[in-house]
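Asker: Before I ask anything, let me first share the structure, which is written out below as structure tokens.
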Amino acid sequence: MKVVIAEKPSVARDLARVMGAKEVKDGYIAGNGYAFTYAFGHLVQLCTPQAYGYNSWTISNLPIIPPTFKLESKKVKRDGKQMDDTGAVKQLNTIKSLLEQAEEIIVATDAGREGELIFRNIYYFLGSKVPFKRLWISSQTDKAIKEGFANLKAGTEYDSLYMSARSRSESDWLIGINATQAITLAAGNKGLLSLGRVQTPTLAMICSRYLENKDFKPQAFYKIQAGFEKDNISFKATSNKIDKKDVAEQTIARLTVGSNARVAKVEAKETKEQPPLLFDLTSLQQDANKKYGYSADQTLNIAQTLYEKKVITYPRTGSRYIGEDVFEEIGALFQHLADTADESIASIAKNLIGAKLNKRSVDDKKVTDHHALLVTDEKPGPMLKEQQNVYNMIAKRMVESFSEVCIKDITTVTIDAQGVELIAKGTVIKQYGWRLSAEQIEAPDEDKNNDDQDNENAQLPKLLAEELLQVLTLELAERFTKARPIHTEASLLKAMETSGKEIEDDEMRQAMKDCGLGTPATRAATIETLFQRDYIKRDKKKLIPTEKGLAVYNLVKDRSIAKVTLTGKWEQKLEEMRANKVSYDVFMKHIKDYTAKITKELLTLRISLAQEEVKPQQKGKIKCPKCEKGLILLYDKVAQCDHYARGCDFKIWRTLNGIFLDEKEMKNLLEKGKTSEFKGVKNNEGAIVTAPLVFENFKVNVG
């Protein structure tokens with residue numbers, strides 16, 4: 001029997017259907033010589049510090065650096081204690097039983113770094129010796145699944161991928177566990193202060209940009225604008241920036257309405273604007289945030305659903321290119337879009353069938369584990385609005401990427417007005433090319449600082465050098481310098497991709513992707529972690545640090561753990577390990593040395609923290625219902641026990657069933673088990689009722 005291990009039940013069911021297995025058992029599906037079983041994400045994890053004998057948070061324990069990392073079944077916290085996840089234990093026993101009967105294992109977890117780690121942790125934890133092969137596919141269509149099973153890869157081909165994943169996991173454990181305990185203890189154990197290898201530099205980018213924006217002092221500058229007309233076409237020309245008002249006033253005084261100005265120079269330049277590259281996950285998340293306001297995590301979840309619906313290729317890709325083999329099938333995909341896509345996409349797809357296609361996004365050398373995002377030839381069924389939006393973005397980017405270049409004539413006219421140089425610009429699009437559809441998908445880039453476009457004109461008349469024009473209007477325009485905008489998820493994702501370096505060019509950013517913060521698959525989770533830690537909050541699209549987030553940032557901003565470039569270098573080393581260029585032992589020795597160093601650094605902060613305690617909104621006189629020793633800390637969004645660092649994990653949202661609980665009602669709920677009666681409570685069916693909230697078995701229900 002061949003045992004196939006998928007990452008989740010839905011994928012196992014799909015693989016089983018395609019491969020003809022129909023007998024549904026407890027924890028697997030059997031038939032046709034196969035048993036299709038599954039994980040629920042990570043069933044096995046690195047052991048917690050308690051497994052190594054570190055049962056409390058004390059300075060004497062730090063740094064915690066196990067000589068060898070051990071694995072254990074997934075744990076959950078109950079009553080402040082780490083306990084086995086019963087569902088994980090049951091499924092592991094099912095997998096163990098199947099492996100004892102297996103002649104071969106087929107690894108069908110997601111084809112990427114994290115998917116490889118999920119399988120290997122299960123395999124090594126169970127002590128299996130059964131040989132395994134790898135199913136490596138980029139889409140979930142029936143055709144791709146059948147071809148994948150017909151062309152299984154040797155499991156050993158992915159050993160370096162596993163070592164990279166293992167190193168990432170262990171380094172996150174070492175730095176996260178030690179840095180978090182060190183700073184929490186340094187702060188006097190007054191509540192959990194979480195730090196992490198990727199989490200902390202990401203927080204630093206958000207906070208530094210926020211503070212830079214808030215502290216920015218706008219500086220006034222001035223421009224002279226003159227209006228002209230020729231051949232019934234009005235246009236404007238603008239001076240260069242003048243910093244001082246008195247100089248600007250003296251300059252404009254040299255000009256008068258009705259005076260003549262001379263055309264000094266006319267330059268016309270043809271420019272070719274290449275189409276954008278295909279989407280990888282990060283660029284898709286950026287555009288979805290700009291256009292629809294979707295969070296990175298939301299976009300990833302939507303894309304994952306579309307992948308499981310078989311209508312797009314593997315979403316967690318870091319490549320914006322396809323290989324020649326995939327390019328050969330692009331024509332068929334355009335025929336598919338011409339028949340199934342909405343009208344605007346379908347019309348462009350039809351024009352691309354049989355046409356000479358732009359190959360900017362085709363490069364075998366730039367395709368890593370998976371190629372760029374494409375639609376598949378599966379006909380999309382009914383979809384939720386959010387799913388349709390993301391599907392259309394991917395389809396539209398496809399037709400753009402393979403379309404012709406956009407050709408523009410950019411004309412720059414220099415005008416001499418009584419010795420004052422004025423500039424007028426105009427753009428004429430000669431060939432729209434890929435821009436035929438672009439205006440419907442493009443959104444302004446919040447991270448660009450477009451101070452002014454004063455000399456841009458929709459249309460310019462035909463002008464010749466030395467001809468005279470009459471000044472029809474005259475204005476001294478006051479402008480102000482602008483701060484770089486506060487980060488949105490779109491601009492933050494771009495910054496994470498390039499370790500904070502401001503790179504606009506798509507291809508240059510791709511070249512930087514191996515030394516960015518995190519990976520396309522993990523960036524959304526990092527941002528969500530910052531929300532969960534109450535370090536940041538949303539203000540429309542803006543990411544705003546909370547008081548707690550700023551306090552943590554101020555503590556660590558000068559420490560190496562907050563440095564974006566350091567984390568970017570680690571990410572680069574992990575990629576090099578995947579390519580067999582760096583060894584696990586060398587990388588982990590560096591991480592262990594660094595862990596000892598940063599732990600020592602953070603513990604020395606305890607002397608200087610007296611003035612910088614991280615405070616909640618208030619500390620209510622509410623007894624913790626779980627540990628019964630701690631008191632509840634009331635933050636803006638959550639309430640949690642102040643004995644977190646001593647093992648109590650009790651936390652509860654302050655807004656429940658649509659009702660915000662003040663201190664009095666939180667006390668009623670947690671100590672008496674019931675709030676007052678509220679109007680406008682949303683019950684489990686979504687209906688609005690008048691009722692109290694009831695706290696029972698650590699769950700809140702409508703009374």
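Convention: chains lettered A, B, ... in structure tokens order; per-chain residue numbering from 1; ligands numbered from 1 as shown.
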Fewer than 3 positions away in the same chain doesn't count, so skip those; otherwise give me all residues within 9 Å of Thr481 of chain A, counting only C-alpha atoms, as a list in words.
Answerer: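 The residues that qualify are Lys217, Pro218, Gln219, Ala220, Phe221 and Asp451 of chain A.
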Asker: Might you pull out every residue within 10 Å of segment 416-427 of chain A, with only C-alpha atoms counted and same-chain residues fewer than 4 positions away left off, and present them as a PyMOL selection string?
Answerer: chain A and resi 223-226+235-240+251-252+254-256+259-270+408-412+453-461+466+468-471
Asker: Taking 4 positions as the minimum chain separation for residues in the same chain, which residues sit within 10 Å of Arg197 of chain A when counting only C-alpha atoms? Answer as a VMD selection string.
Answerer: chain A and resid 168 171 to 176 179 201 to 202 517 to 518 561 to 564 566 to 567 570
Asker: Can you list every residue in segment 277-520 of chain A that DSSP puts in strand (DSSP E or B), as a PyMOL selection string?
Answerer: chain A and resi 312+322+362+375+406-417+420-431+456-457+468-470+473-480+488
Asker: Give me, as a tab-separated table, the closest atom pair and its distance (Å, one decimal) for every residue of segment 244-352 of chain A within a cut-off of 10 Å of segment 535-548 of chain A, counting only C-alpha atoms, rows sorted by chain and rising number.
Answerer:
```
residue	atom	partner	partner_atom	distance
A:Asn289	CA	A:Lys541	CA	7.9
A:Lys290	CA	A:Lys541	CA	8.4
A:Tyr292	CA	A:Lys541	CA	9.9
A:Gly293	CA	A:Lys541	CA	6.5
A:Tyr294	CA	A:Lys541	CA	9.0
A:Ser295	CA	A:Lys541	CA	8.9
```
Asker: A:Cys406, A:Leu530, A:Ile659, A:Leu185: which is nearest Thr675 of chain A, counting only C-alpha atoms?
Answerer: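 So, comparing all the options, the nearest one is A:Ile659.
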Asker: What is the distance, in Å and to one decimal place, between atom CA of Gln91 of chain A and atom CA of Asn121 of chain A?
Answerer: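 So the two atoms, atom CA of Gln91 of chain A and atom CA of Asn121 of chain A, lie 13.9 Å apart.
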Asker: Figure out the distance between atom CA of Asp636 of chain A and atom CA of Gly549 of chain A, please, to one decimal in Å.
Answerer: 12.9 Å
Asker: Could you please determine the separation between atom CA of Arg13 of chain A and atom CA of Ala144 of chain A in Å, to one decimal place?
Answerer: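 Taking atom CA of Arg13 of chain A as the start and atom CA of Ala144 of chain A as the end point, the length is 15.5 Å.
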Asker: Kindly indicate which residue among A:Leu374, A:Ala16, A:Ile59, A:Val405 lies nearest to Tyr432 of chain A, using only C-alpha atoms for the distances.
Answerer: A:Val405
Asker: Excluding Glu628 of chain A and any residue of its chain fewer than 3 positions from it, enumerate the residues within 12 Å of it, using only C-alpha atoms, and give them as a list in words.
Answerer: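 Residues near the query, excluding close chain neighbours: Asp79, Gly80, Ile622, Lys623, Cys624, Pro625, Leu631, Ile632, Cys641, Asp642, His643, Cys648, Phe650, Leu670 and Glu671 of chain A.
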Asker: With only C-alpha atoms as the basis for distance, which of A:Val257, A:Leu135, A:Val638, A:Leu661 is at the shortest distance from Ile105 of chain A?
Answerer: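 That would be A:Leu135, the residue with the smallest distance to Ile105 of chain A.
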Asker: Ranking A:Leu161, A:Leu474, A:Leu99, A:Leu550 by minimum distance to Cys207 of chain A and counting only C-alpha atoms, which one comes first?
Answerer: A:Leu550
Asker: Any idea what's packed within 12 Å of Glu100 of chain A, counting only C-alpha atoms, ignoring anything in its chain fewer than 2 positions away? Could you give it as a PyMOL selection string?
Answerer: chain A and resi 1-3+93-98+102-105+123+126-131
Asker: Can I get the selection written as a tab-separated table (two decimals), in the first residue's frame, with C-alpha atoms?
Answerer:
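So again.tsv came out as:
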```tsv
chain	number	residue	atom	x	y	z
A	1	MET	CA	0.00	0.00	0.00
A	2	LYS	CA	1.14	3.54	-0.80
A	3	VAL	CA	0.35	6.13	1.87
A	93	ASN	CA	-1.87	7.68	15.64
A	94	THR	CA	-3.84	7.14	12.42
A	95	ILE	CA	-0.82	8.13	10.30
A	96	LYS	CA	1.48	5.92	12.40
A	97	SER	CA	-0.82	2.92	11.89
A	98	LEU	CA	-0.89	3.51	8.12
A	102	ALA	CA	3.10	1.17	3.94
A	103	GLU	CA	5.54	0.10	1.27
A	104	GLU	CA	6.01	3.71	0.14
A	105	ILE	CA	5.03	7.21	1.26
A	123	TYR	CA	8.01	11.44	9.63
A	126	LEU	CA	7.00	8.89	14.32
A	127	GLY	CA	10.43	7.35	13.66
A	128	SER	CA	9.39	6.03	10.25
A	129	LYS	CA	11.92	4.42	7.91
A	130	VAL	CA	9.55	3.91	4.97
A	131	PRO	CA	11.01	5.38	1.73
```
Asker: Can you pull out every residue from segment 117-362 of chain A that DSSP, working from the backbone, puts in alpha helix (DSSP H), and format the result as an NGL selection string?
Answerer: :A and (117-125 or 142-150 or 159-186 or 199-215 or 245-252 or 281-292 or 296-308 or 324-327 or 330-340 or 343-352)
Asker: Find, counting only C-alpha atoms, the residue in A:Lys679, A:Arg17, A:Leu603, A:Ala108 that gets nearest to Thr37 of chain A.
Answerer: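 Going through A:Lys679, A:Arg17, A:Leu603, A:Ala108 one by one, the smallest distance to Thr37 of chain A is for A:Ala108.
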